[in-house]
file structure.txt (compact mmCIF, C-alpha atoms and all ligand atoms)
# COMPACT_ATOMS: atom_id res chain seq x y z
CA MET A 1 -7.16 6.75 12.20
CA GLU A 2 -9.79 8.10 9.84
CA VAL A 3 -12.19 5.42 8.62
CA ILE A 4 -14.02 6.16 5.38
CA ILE A 5 -16.65 3.62 4.35
CA THR A 6 -17.72 3.93 0.73
CA LYS A 7 -20.56 2.24 -1.16
CA ASP A 8 -18.12 0.24 -3.29
CA SER A 9 -14.45 -0.27 -4.09
CA SER A 10 -14.66 2.05 -7.06
CA SER A 11 -15.65 5.09 -5.03
CA ALA A 12 -12.96 4.26 -2.45
CA SER A 13 -10.36 4.07 -5.23
CA ALA A 14 -11.60 7.38 -6.65
CA LYS A 15 -11.24 9.13 -3.28
CA ALA A 16 -7.76 7.65 -2.74
CA ALA A 17 -6.71 8.65 -6.28
CA ASP A 18 -7.84 12.24 -5.62
CA LEU A 19 -5.74 12.28 -2.49
CA VAL A 20 -2.62 11.02 -4.29
CA ALA A 21 -3.19 13.48 -7.15
CA LYS A 22 -3.53 16.33 -4.69
CA ALA A 23 -0.29 15.33 -2.96
CA VAL A 24 1.55 15.25 -6.30
CA ARG A 25 0.10 18.60 -7.42
CA THR A 26 1.00 20.24 -4.10
CA LYS A 27 4.47 18.72 -3.95
CA PRO A 28 5.58 17.63 -7.45
CA ASP A 29 8.62 15.77 -6.08
CA SER A 30 6.51 13.77 -3.61
CA VAL A 31 7.92 10.49 -2.40
CA LEU A 32 5.23 7.84 -2.81
CA GLY A 33 5.25 4.44 -1.12
CA LEU A 34 3.49 1.95 -3.38
CA ALA A 35 1.74 -1.37 -2.88
CA THR A 36 0.88 -4.31 -5.10
CA GLY A 37 -2.00 -6.81 -4.98
CA GLY A 38 -5.44 -6.63 -6.52
CA THR A 39 -6.64 -3.84 -4.24
CA PRO A 40 -4.71 -0.80 -5.57
CA VAL A 41 -5.14 -1.67 -9.27
CA GLU A 42 -8.10 0.66 -9.80
CA LEU A 43 -6.34 3.45 -7.92
CA TYR A 44 -3.41 3.11 -10.36
CA LYS A 45 -5.83 3.08 -13.33
CA ARG A 46 -7.38 6.31 -12.13
CA LEU A 47 -3.97 7.95 -11.68
CA ILE A 48 -3.01 6.83 -15.21
CA ASN A 49 -6.21 8.44 -16.53
CA MET A 50 -5.46 11.66 -14.66
CA HIS A 51 -1.97 11.63 -16.15
CA LYS A 52 -3.29 11.09 -19.69
CA ASN A 53 -6.36 13.33 -19.57
CA GLU A 54 -5.71 15.95 -16.89
CA GLY A 55 -1.96 16.44 -17.19
CA LEU A 56 -1.13 14.98 -13.78
CA ASP A 57 2.66 15.15 -13.90
CA PHE A 58 4.80 12.49 -12.24
CA SER A 59 8.11 13.64 -13.72
CA LYS A 60 9.59 14.60 -10.35
CA VAL A 61 7.87 11.94 -8.24
CA ARG A 62 10.01 9.33 -6.51
CA THR A 63 8.64 5.94 -5.51
CA PHE A 64 9.50 3.13 -3.13
CA ASN A 65 7.65 -0.15 -3.32
CA LEU A 66 6.80 -2.03 -0.18
CA ASP A 67 7.97 -5.49 -1.01
CA GLU A 68 9.15 -8.16 -3.46
CA TYR A 69 9.45 -11.93 -3.65
CA ILE A 70 12.98 -13.29 -3.23
CA GLY A 71 14.15 -15.33 -6.21
CA LEU A 72 11.91 -13.72 -8.85
CA LYS A 73 13.57 -11.65 -11.57
CA PRO A 74 11.99 -8.33 -12.64
CA THR A 75 11.07 -10.07 -15.90
CA ASP A 76 9.11 -12.79 -14.09
CA LYS A 77 5.41 -12.08 -14.57
CA GLN A 78 4.62 -12.78 -10.90
CA SER A 79 7.28 -10.41 -9.58
CA TYR A 80 6.06 -7.17 -8.02
CA ASN A 81 8.52 -5.36 -10.27
CA PHE A 82 6.66 -6.71 -13.33
CA PHE A 83 3.29 -5.98 -11.71
CA MET A 84 4.20 -2.34 -11.08
CA ARG A 85 5.42 -1.77 -14.62
CA GLU A 86 2.34 -3.36 -16.11
CA ASN A 87 -0.19 -1.67 -13.82
CA PHE A 88 1.39 1.75 -13.35
CA PHE A 89 4.95 2.67 -14.28
CA ASP A 90 4.66 1.91 -18.02
CA HIS A 91 1.74 4.32 -18.30
CA VAL A 92 2.93 7.41 -16.41
CA ASN A 93 6.02 9.63 -16.65
CA ILE A 94 7.97 8.67 -13.54
CA PRO A 95 11.64 8.62 -14.57
CA ARG A 96 13.04 5.09 -14.26
CA GLU A 97 15.83 6.30 -11.96
CA ASN A 98 13.20 7.59 -9.49
CA ILE A 99 11.62 4.14 -9.11
CA ASN A 100 12.73 1.89 -6.27
CA ILE A 101 11.54 -1.68 -5.78
CA PRO A 102 13.22 -4.20 -3.48
CA ASP A 103 15.55 -6.43 -5.49
CA GLY A 104 14.45 -10.03 -5.04
CA MET A 105 17.66 -11.20 -6.74
CA ALA A 106 20.05 -9.27 -4.43
CA ALA A 107 23.08 -11.39 -3.53
CA ASP A 108 23.46 -9.70 -0.14
CA ILE A 109 19.93 -9.36 1.21
CA PRO A 110 20.70 -7.70 4.59
CA GLY A 111 23.05 -5.27 2.77
CA PHE A 112 20.36 -4.49 0.20
CA CYS A 113 17.77 -3.92 2.94
CA SER A 114 19.90 -1.39 4.84
CA GLU A 115 20.66 0.43 1.58
CA TYR A 116 16.92 0.57 0.83
CA GLU A 117 16.29 2.15 4.23
CA GLU A 118 19.14 4.60 3.61
CA LYS A 119 17.72 5.53 0.19
CA ILE A 120 14.31 6.28 1.73
CA ARG A 121 16.02 8.49 4.33
CA ARG A 122 18.06 10.30 1.67
CA ALA A 123 14.85 10.95 -0.31
CA GLY A 124 13.50 12.79 2.74
CA GLY A 125 11.18 9.97 3.85
CA ILE A 126 7.92 8.77 2.32
CA ASP A 127 5.26 11.48 1.99
CA LEU A 128 2.34 9.20 1.20
CA GLN A 129 2.25 5.45 1.61
CA ILE A 130 -0.41 3.36 -0.16
CA LEU A 131 -1.27 0.09 1.59
CA GLY A 132 -3.51 -2.91 1.13
CA ILE A 133 -4.08 -5.46 3.88
CA GLY A 134 -3.67 -9.23 3.89
CA SER A 135 -6.55 -11.36 5.14
CA ASP A 136 -4.36 -12.18 8.17
CA GLY A 137 -3.83 -8.48 8.90
CA HIS A 138 -0.41 -8.12 7.26
CA ILE A 139 0.79 -4.90 5.65
CA GLY A 140 3.56 -5.07 3.06
CA PHE A 141 4.68 -8.60 3.81
CA ASN A 142 4.88 -8.06 7.57
CA GLU A 143 3.22 -11.22 8.76
CA PRO A 144 1.61 -11.63 12.22
CA THR A 145 4.20 -11.35 15.04
CA SER A 146 6.38 -9.01 12.98
CA SER A 147 7.98 -6.47 15.29
CA LEU A 148 5.99 -3.26 15.24
CA ALA A 149 9.37 -1.45 15.08
CA SER A 150 10.76 -3.57 12.22
CA ARG A 151 12.71 -2.12 9.28
CA THR A 152 13.20 -3.45 5.74
CA ARG A 153 14.27 -7.09 5.96
CA ILE A 154 13.66 -10.67 4.83
CA LYS A 155 10.44 -12.37 5.95
CA THR A 156 8.98 -15.86 5.55
CA LEU A 157 5.36 -15.97 4.37
CA THR A 158 2.65 -17.74 6.33
CA GLN A 159 0.75 -20.58 4.68
CA LYS A 160 -2.33 -18.31 4.63
CA THR A 161 -0.55 -15.66 2.56
CA VAL A 162 0.89 -18.32 0.24
CA ASP A 163 -2.66 -19.65 -0.26
CA ASP A 164 -4.10 -16.14 -0.81
CA ASN A 165 -1.41 -15.14 -3.31
CA ALA A 166 -1.40 -18.45 -5.25
CA ARG A 167 -4.07 -16.91 -7.51
CA PHE A 168 -1.30 -14.83 -9.08
CA PHE A 169 0.68 -18.05 -9.74
CA ASN A 170 -2.01 -19.87 -11.73
CA GLY A 171 -3.34 -21.21 -8.45
CA ASP A 172 -0.19 -23.31 -7.88
CA LYS A 173 0.81 -22.81 -4.23
CA SER A 174 4.14 -24.56 -4.77
CA LEU A 175 5.22 -21.72 -7.08
CA VAL A 176 4.74 -18.95 -4.52
CA PRO A 177 8.17 -18.00 -3.11
CA LEU A 178 8.28 -18.44 0.67
CA HIS A 179 10.76 -15.65 1.24
CA VAL A 180 10.30 -11.96 0.58
CA ILE A 181 11.89 -8.59 1.21
CA THR A 182 9.53 -6.10 2.85
CA MET A 183 9.67 -2.63 4.34
CA GLY A 184 9.22 -3.08 8.08
CA ILE A 185 6.28 -1.81 10.10
CA GLY A 186 8.59 0.87 11.54
CA THR A 187 9.51 1.89 7.97
CA ILE A 188 5.83 2.15 7.01
CA MET A 189 4.97 4.07 10.19
CA ASP A 190 7.58 6.73 9.31
CA ALA A 191 5.53 7.75 6.24
CA LYS A 192 3.94 11.17 6.75
CA THR A 193 0.53 10.03 5.49
CA ILE A 194 -0.79 6.49 5.14
CA VAL A 195 -3.69 5.52 2.88
CA LEU A 196 -4.90 1.95 3.34
CA LEU A 197 -7.49 0.38 1.04
CA ALA A 198 -9.45 -2.79 1.80
CA PHE A 199 -12.27 -4.30 -0.20
CA GLY A 200 -14.55 -7.32 0.12
CA ALA A 201 -15.89 -9.56 2.87
CA ASN A 202 -12.65 -11.56 2.84
CA LYS A 203 -10.94 -8.57 4.49
CA ALA A 204 -13.69 -7.82 7.05
CA GLU A 205 -12.08 -9.74 9.92
CA ALA A 206 -8.63 -8.18 9.40
CA VAL A 207 -10.18 -4.72 9.00
CA SER A 208 -12.13 -4.99 12.24
CA LYS A 209 -9.04 -6.12 14.16
CA MET A 210 -6.94 -3.36 12.58
CA ILE A 211 -9.39 -0.59 13.50
CA GLU A 212 -11.14 -1.76 16.63
CA GLY A 213 -8.89 -4.44 18.09
CA PRO A 214 -5.91 -3.91 20.37
CA VAL A 215 -2.57 -2.83 18.89
CA ALA A 216 -0.76 -6.13 18.60
CA SER A 217 1.98 -7.68 16.51
CA MET A 218 -0.49 -10.51 15.77
CA VAL A 219 -2.32 -7.93 13.62
CA PRO A 220 0.46 -5.90 11.98
CA ALA A 221 -1.99 -3.38 10.48
CA SER A 222 -3.20 -2.45 13.98
CA ALA A 223 0.06 -0.45 14.32
CA LEU A 224 -1.71 2.18 12.20
CA GLN A 225 -3.74 3.10 15.30
CA LEU A 226 -0.54 4.80 16.48
CA HIS A 227 -0.04 6.76 13.24
CA PRO A 228 -0.94 10.47 13.36
CA ARG A 229 -2.31 10.57 9.81
CA ALA A 230 -3.70 7.25 8.64
CA LYS A 231 -6.72 7.13 6.34
CA VAL A 232 -8.51 3.85 5.77
CA PHE A 233 -10.82 3.57 2.76
CA ILE A 234 -13.04 0.49 2.86
CA ASP A 235 -16.12 -0.69 1.01
CA ARG A 236 -19.29 -1.83 2.80
CA ALA A 237 -18.34 -5.51 2.54
CA ALA A 238 -14.97 -4.94 4.23
CA SER A 239 -16.69 -2.94 6.99
CA GLY A 240 -18.99 -5.88 7.79
CA LYS A 241 -17.40 -6.82 11.14
CA LEU A 242 -16.86 -3.30 12.52
CA VAL A 243 -18.89 -2.25 15.56
CA ASN A 244 -18.63 1.53 15.19
CA THR A 245 -19.68 2.02 11.55
CA GLY A 246 -22.41 4.50 12.50
CA TYR A 247 -19.82 6.77 14.09
CA TYR A 248 -17.40 6.59 11.12
CA ASP A 249 -20.22 7.61 8.73
CA TRP A 250 -21.39 10.32 11.15
CA VAL A 251 -17.88 11.82 11.34
CA PHE A 252 -17.41 11.70 7.57
CA GLU A 253 -20.76 13.38 6.88
CA ARG A 254 -20.03 16.13 9.39
CA LYS A 255 -16.48 17.02 8.42
CA PRO A 256 -15.85 20.74 8.74
CA GLU A 257 -15.61 22.42 5.33
CA TRP A 258 -11.87 23.08 5.69
CA GLN A 259 -11.20 19.42 6.43
CA LYS A 260 -13.08 18.02 3.44
CA ASP A 261 -10.29 17.72 0.92
CA ILE A 262 -7.53 16.73 3.33
C1 LIG B 301 0.26 -9.12 -0.64
C2 LIG B 301 1.03 -7.81 -0.63
C3 LIG B 301 0.35 -6.77 0.23
C4 LIG B 301 -1.12 -6.69 -0.13
C5 LIG B 301 -1.77 -8.03 0.14
C6 LIG B 301 -3.26 -8.03 -0.19
O1 LIG B 301 0.59 -9.96 0.39
N1 LIG B 301 2.37 -8.00 -0.15
O2 LIG B 301 0.98 -5.51 0.05
O3 LIG B 301 -1.75 -5.69 0.61
O4 LIG B 301 -1.13 -9.01 -0.68
O5 LIG B 301 -3.44 -8.26 -1.55
P1 LIG B 301 -4.78 -8.04 -2.34
O6 LIG B 301 -4.89 -6.56 -2.52
O7 LIG B 301 -4.57 -8.73 -3.65
O8 LIG B 301 -5.85 -8.60 -1.53
call {"tool": "encode", "arguments": {"input": "structure.txt", "output": "structure tokens"}}
result
Amino acid sequence: MEVIITKDSSSASAKAADLVAKAVRTKPDSVLGLATGGTPVELYKRLINMHKNEGLDFSKVRTFNLDEYIGLKPTDKQSYNFFMRENFFDHVNIPRENINIPDGMAADIPGFCSEYEEKIRRAGGIDLQILGIGSDGHIGFNEPTSSLASRTRIKTLTQKTVDDNARFFNGDKSLVPLHVITMGIGTIMDAKTIVLLAFGANKAEAVSKMIEGPVASMVPASALQLHPRAKVFIDRAASGKLVNTGYYDWVFERKPEWQKDI
């Protein structure tokens, strides 16, 4: 796991955006795994700017979103489908047919989940997966004790995640759906490259367990320790509970020239 601590969330988002742009320029039909939440919003803004001002072309890109609430329609403002259109898809040139988001209204949820897995396989797998992290260490909606080998499936949210995400539902916890569809940890781990972003002191505990704690299903993000190419971009506040920060900075400052833009 490569840990990159930046002075603020903006510089972390800029570095992550450069990485995504490079992937798309190198492989125009890249398969991107996308995340929702407050964290990746600036990354999406920067990609939109690159599309508008630097000709970054998404016309062949294919995307798979991590997760969706069950029972919300794509037109519901709190759905991840709506979020993605508003924050990214409506502003870049990804063809609609290349966009995949779990269907929270699917009548046959297990059937939908195996088809989603099959679609990812048929696309050749995810080249680059963007992730945030929940304050309880979840990735996607894989809550603590999720199997580290899990695939796309239904999950039930913890009270903590309901509380955290209520801010997107006008603060009304009773409106947050309890059930969700999420890529599994095994699905996420199959991505060729993983880029995780985490900002703010509220994430410091989860970040320290993810990076320096044992690999454990109680901290789903700790599975990334087993990934061959996982990059974690965090701001100073989110790095607050790490022990080894000196080493992460030392490594970053001394990267060999050839490794700098990878
Ligand atoms: C939700 C999403 C996750 C996201 C997490 C953190 O639970 N399912 O993908 O990483 O929230 O969200 P935020 O970035 O708003 O802190």
call {"tool": "residues_around", "arguments": {"input": "structure.txt", "residues": "Pro95 (chain A)", "least_positions_apart": "4", "cutoff": "10 Å", "atoms": "only C-alpha atoms", "output": "ChimeraX atom specification"}}
result
/A:58-63,89,99
call {"tool": "atom_distance", "arguments": {"input": "structure.txt", "atom1": "CA of Ser79 (chain A)", "atom2": "CA of Cys113 (chain A)"}}
result
17.6 Å
call {"tool": "residues_around", "arguments": {"input": "structure.txt", "residues": "region 65-70 of chain A", "least_positions_apart": "5", "cutoff": "7 Å", "atoms": "all atoms listed in the file", "output": "PDB file with C-alpha atoms, keeping the file's coordinate frame"}}
result
ATOM      1  CA  GLY A  33       5.250   4.440  -1.120  1.00  0.00           C
ATOM      2  CA  LEU A  34       3.490   1.950  -3.380  1.00  0.00           C
ATOM      3  CA  ALA A  35       1.740  -1.370  -2.880  1.00  0.00           C
ATOM      4  CA  SER A  79       7.280 -10.410  -9.580  1.00  0.00           C
ATOM      5  CA  TYR A  80       6.060  -7.170  -8.020  1.00  0.00           C
ATOM      6  CA  ASN A 100      12.730   1.890  -6.270  1.00  0.00           C
ATOM      7  CA  ILE A 101      11.540  -1.680  -5.780  1.00  0.00           C
ATOM      8  CA  PRO A 102      13.220  -4.200  -3.480  1.00  0.00           C
ATOM      9  CA  ASP A 103      15.550  -6.430  -5.490  1.00  0.00           C
ATOM     10  CA  GLY A 104      14.450 -10.030  -5.040  1.00  0.00           C
ATOM     11  CA  MET A 105      17.660 -11.200  -6.740  1.00  0.00           C
ATOM     12  CA  GLY A 140       3.560  -5.070   3.060  1.00  0.00           C
ATOM     13  CA  PHE A 141       4.680  -8.600   3.810  1.00  0.00           C
ATOM     14  CA  PRO A 177       8.170 -18.000  -3.110  1.00  0.00           C
ATOM     15  CA  HIS A 179      10.760 -15.650   1.240  1.00  0.00           C
ATOM     16  CA  VAL A 180      10.300 -11.960   0.580  1.00  0.00           C
ATOM     17  CA  ILE A 181      11.890  -8.590   1.210  1.00  0.00           C
ATOM     18  CA  THR A 182       9.530  -6.100   2.850  1.00  0.00           C
ATOM     19  CA  MET A 183       9.670  -2.630   4.340  1.00  0.00           C
TER      20      MET A 183
END
call {"tool": "residues_around", "arguments": {"input": "structure.txt", "residues": "Gly184 (chain A)", "least_positions_apart": "2", "cutoff": "9 Å", "atoms": "all atoms listed in the file", "output": "PDB file with C-alpha atoms, in the frame of the given file"}}
result
ATOM      1  CA  LEU A  66       6.800  -2.030  -0.180  1.00  0.00           C
ATOM      2  CA  ILE A 139       0.790  -4.900   5.650  1.00  0.00           C
ATOM      3  CA  GLY A 140       3.560  -5.070   3.060  1.00  0.00           C
ATOM      4  CA  PHE A 141       4.680  -8.600   3.810  1.00  0.00           C
ATOM      5  CA  ASN A 142       4.880  -8.060   7.570  1.00  0.00           C
ATOM      6  CA  SER A 146       6.380  -9.010  12.980  1.00  0.00           C
ATOM      7  CA  SER A 147       7.980  -6.470  15.290  1.00  0.00           C
ATOM      8  CA  LEU A 148       5.990  -3.260  15.240  1.00  0.00           C
ATOM      9  CA  ALA A 149       9.370  -1.450  15.080  1.00  0.00           C
ATOM     10  CA  SER A 150      10.760  -3.570  12.220  1.00  0.00           C
ATOM     11  CA  ARG A 151      12.710  -2.120   9.280  1.00  0.00           C
ATOM     12  CA  THR A 152      13.200  -3.450   5.740  1.00  0.00           C
ATOM     13  CA  ARG A 153      14.270  -7.090   5.960  1.00  0.00           C
ATOM     14  CA  THR A 182       9.530  -6.100   2.850  1.00  0.00           C
ATOM     15  CA  GLY A 186       8.590   0.870  11.540  1.00  0.00           C
ATOM     16  CA  THR A 187       9.510   1.890   7.970  1.00  0.00           C
ATOM     17  CA  ILE A 188       5.830   2.150   7.010  1.00  0.00           C
ATOM     18  CA  MET A 189       4.970   4.070  10.190  1.00  0.00           C
TER      19      MET A 189
END
call {"tool": "closest_residue", "arguments": {"input": "structure.txt", "among": "A:Ala230, A:His138, A:Ile4, A:Arg236", "to": "Ala206 (chain A)", "atoms": "all atoms listed in the file"}}
result
A:His138
call {"tool": "closest_residue", "arguments": {"input": "structure.txt", "among": "A:Ala216, A:Met84, A:Val232, A:Leu43", "to": "Ser11 (chain A)", "atoms": "all atoms listed in the file"}}
result
A:Leu43
call {"tool": "residues_near_point", "arguments": {"input": "structure.txt", "point": "(-1.3, -4.3, 18.7)", "cutoff": "12 Å", "atoms": "all atoms listed in the file", "output": "short mmCIF file (atom, residue, chain, number, x, y, z; two decimals) with C-alpha atoms, keeping the file's coordinate frame"}}
result
data_model
loop_
_atom_site.label_atom_id
_atom_site.label_comp_id
_atom_site.auth_asym_id
_atom_site.auth_seq_id
_atom_site.Cartn_x
_atom_site.Cartn_y
_atom_site.Cartn_z
CA GLY A 137 -3.83 -8.48 8.90
CA PRO A 144 1.61 -11.63 12.22
CA THR A 145 4.20 -11.35 15.04
CA SER A 146 6.38 -9.01 12.98
CA SER A 147 7.98 -6.47 15.29
CA LEU A 148 5.99 -3.26 15.24
CA ALA A 149 9.37 -1.45 15.08
CA ILE A 185 6.28 -1.81 10.10
CA LYS A 209 -9.04 -6.12 14.16
CA MET A 210 -6.94 -3.36 12.58
CA ILE A 211 -9.39 -0.59 13.50
CA GLU A 212 -11.14 -1.76 16.63
CA GLY A 213 -8.89 -4.44 18.09
CA PRO A 214 -5.91 -3.91 20.37
CA VAL A 215 -2.57 -2.83 18.89
CA ALA A 216 -0.76 -6.13 18.60
CA SER A 217 1.98 -7.68 16.51
CA MET A 218 -0.49 -10.51 15.77
CA VAL A 219 -2.32 -7.93 13.62
CA PRO A 220 0.46 -5.90 11.98
CA ALA A 221 -1.99 -3.38 10.48
CA SER A 222 -3.20 -2.45 13.98
CA ALA A 223 0.06 -0.45 14.32
CA LEU A 224 -1.71 2.18 12.20
CA GLN A 225 -3.74 3.10 15.30
CA LEU A 226 -0.54 4.80 16.48
#
call {"tool": "residues_around", "arguments": {"input": "structure.txt", "residues": "Lys7 (chain A)", "least_positions_apart": "5", "cutoff": "9 Å", "atoms": "only C-alpha atoms", "output": "JSON, numbers by chain"}}
result
{"A": [12, 234, 235, 236, 237]}
call {"tool": "atom_distance", "arguments": {"input": "structure.txt", "atom1": "CA of Asp172 (chain A)", "atom2": "atom N1 of ligand LIG 301 (chain B)"}}
result
17.3 Å
call {"tool": "atom_distance", "arguments": {"input": "structure.txt", "atom1": "CA of Ser30 (chain A)", "atom2": "CA of Glu115 (chain A)"}}
result
20.1 Å
call {"tool": "closest_residue", "arguments": {"input": "structure.txt", "among": "A:Val243, A:Leu131, A:Leu178, A:Ala204", "to": "ligand LIG 301 (chain B)", "atoms": "all atoms listed in the file"}}
result
A:Leu131
call {"tool": "closest_residue", "arguments": {"input": "structure.txt", "among": "A:Ile154, A:Ala198, A:Ala166, A:Val20", "to": "Leu47 (chain A)", "atoms": "only C-alpha atoms"}}
result
A:Val20
call {"tool": "closest_residue", "arguments": {"input": "structure.txt", "among": "A:Thr6, A:Thr26, A:Thr158, A:Asn87", "to": "ligand LIG 301 (chain B)", "atoms": "all atoms listed in the file"}}
result
A:Thr158
call {"tool": "closest_residue", "arguments": {"input": "structure.txt", "among": "A:Phe168, A:Phe82, A:Tyr44, A:Phe88", "to": "ligand LIG 301 (chain B)", "atoms": "all atoms listed in the file"}}
result
A:Phe168
call {"tool": "axis_aligned_box", "arguments": {"input": "structure.txt", "around": "region 66-78 of chain A", "padding_each_side": "4 Å", "output": "lines of an AutoDock Vina configuration file"}}
result
center_x = 9.4
center_y = -8.7
center_z = -8.0
size_x = 17.5
size_y = 21.3
size_z = 23.7
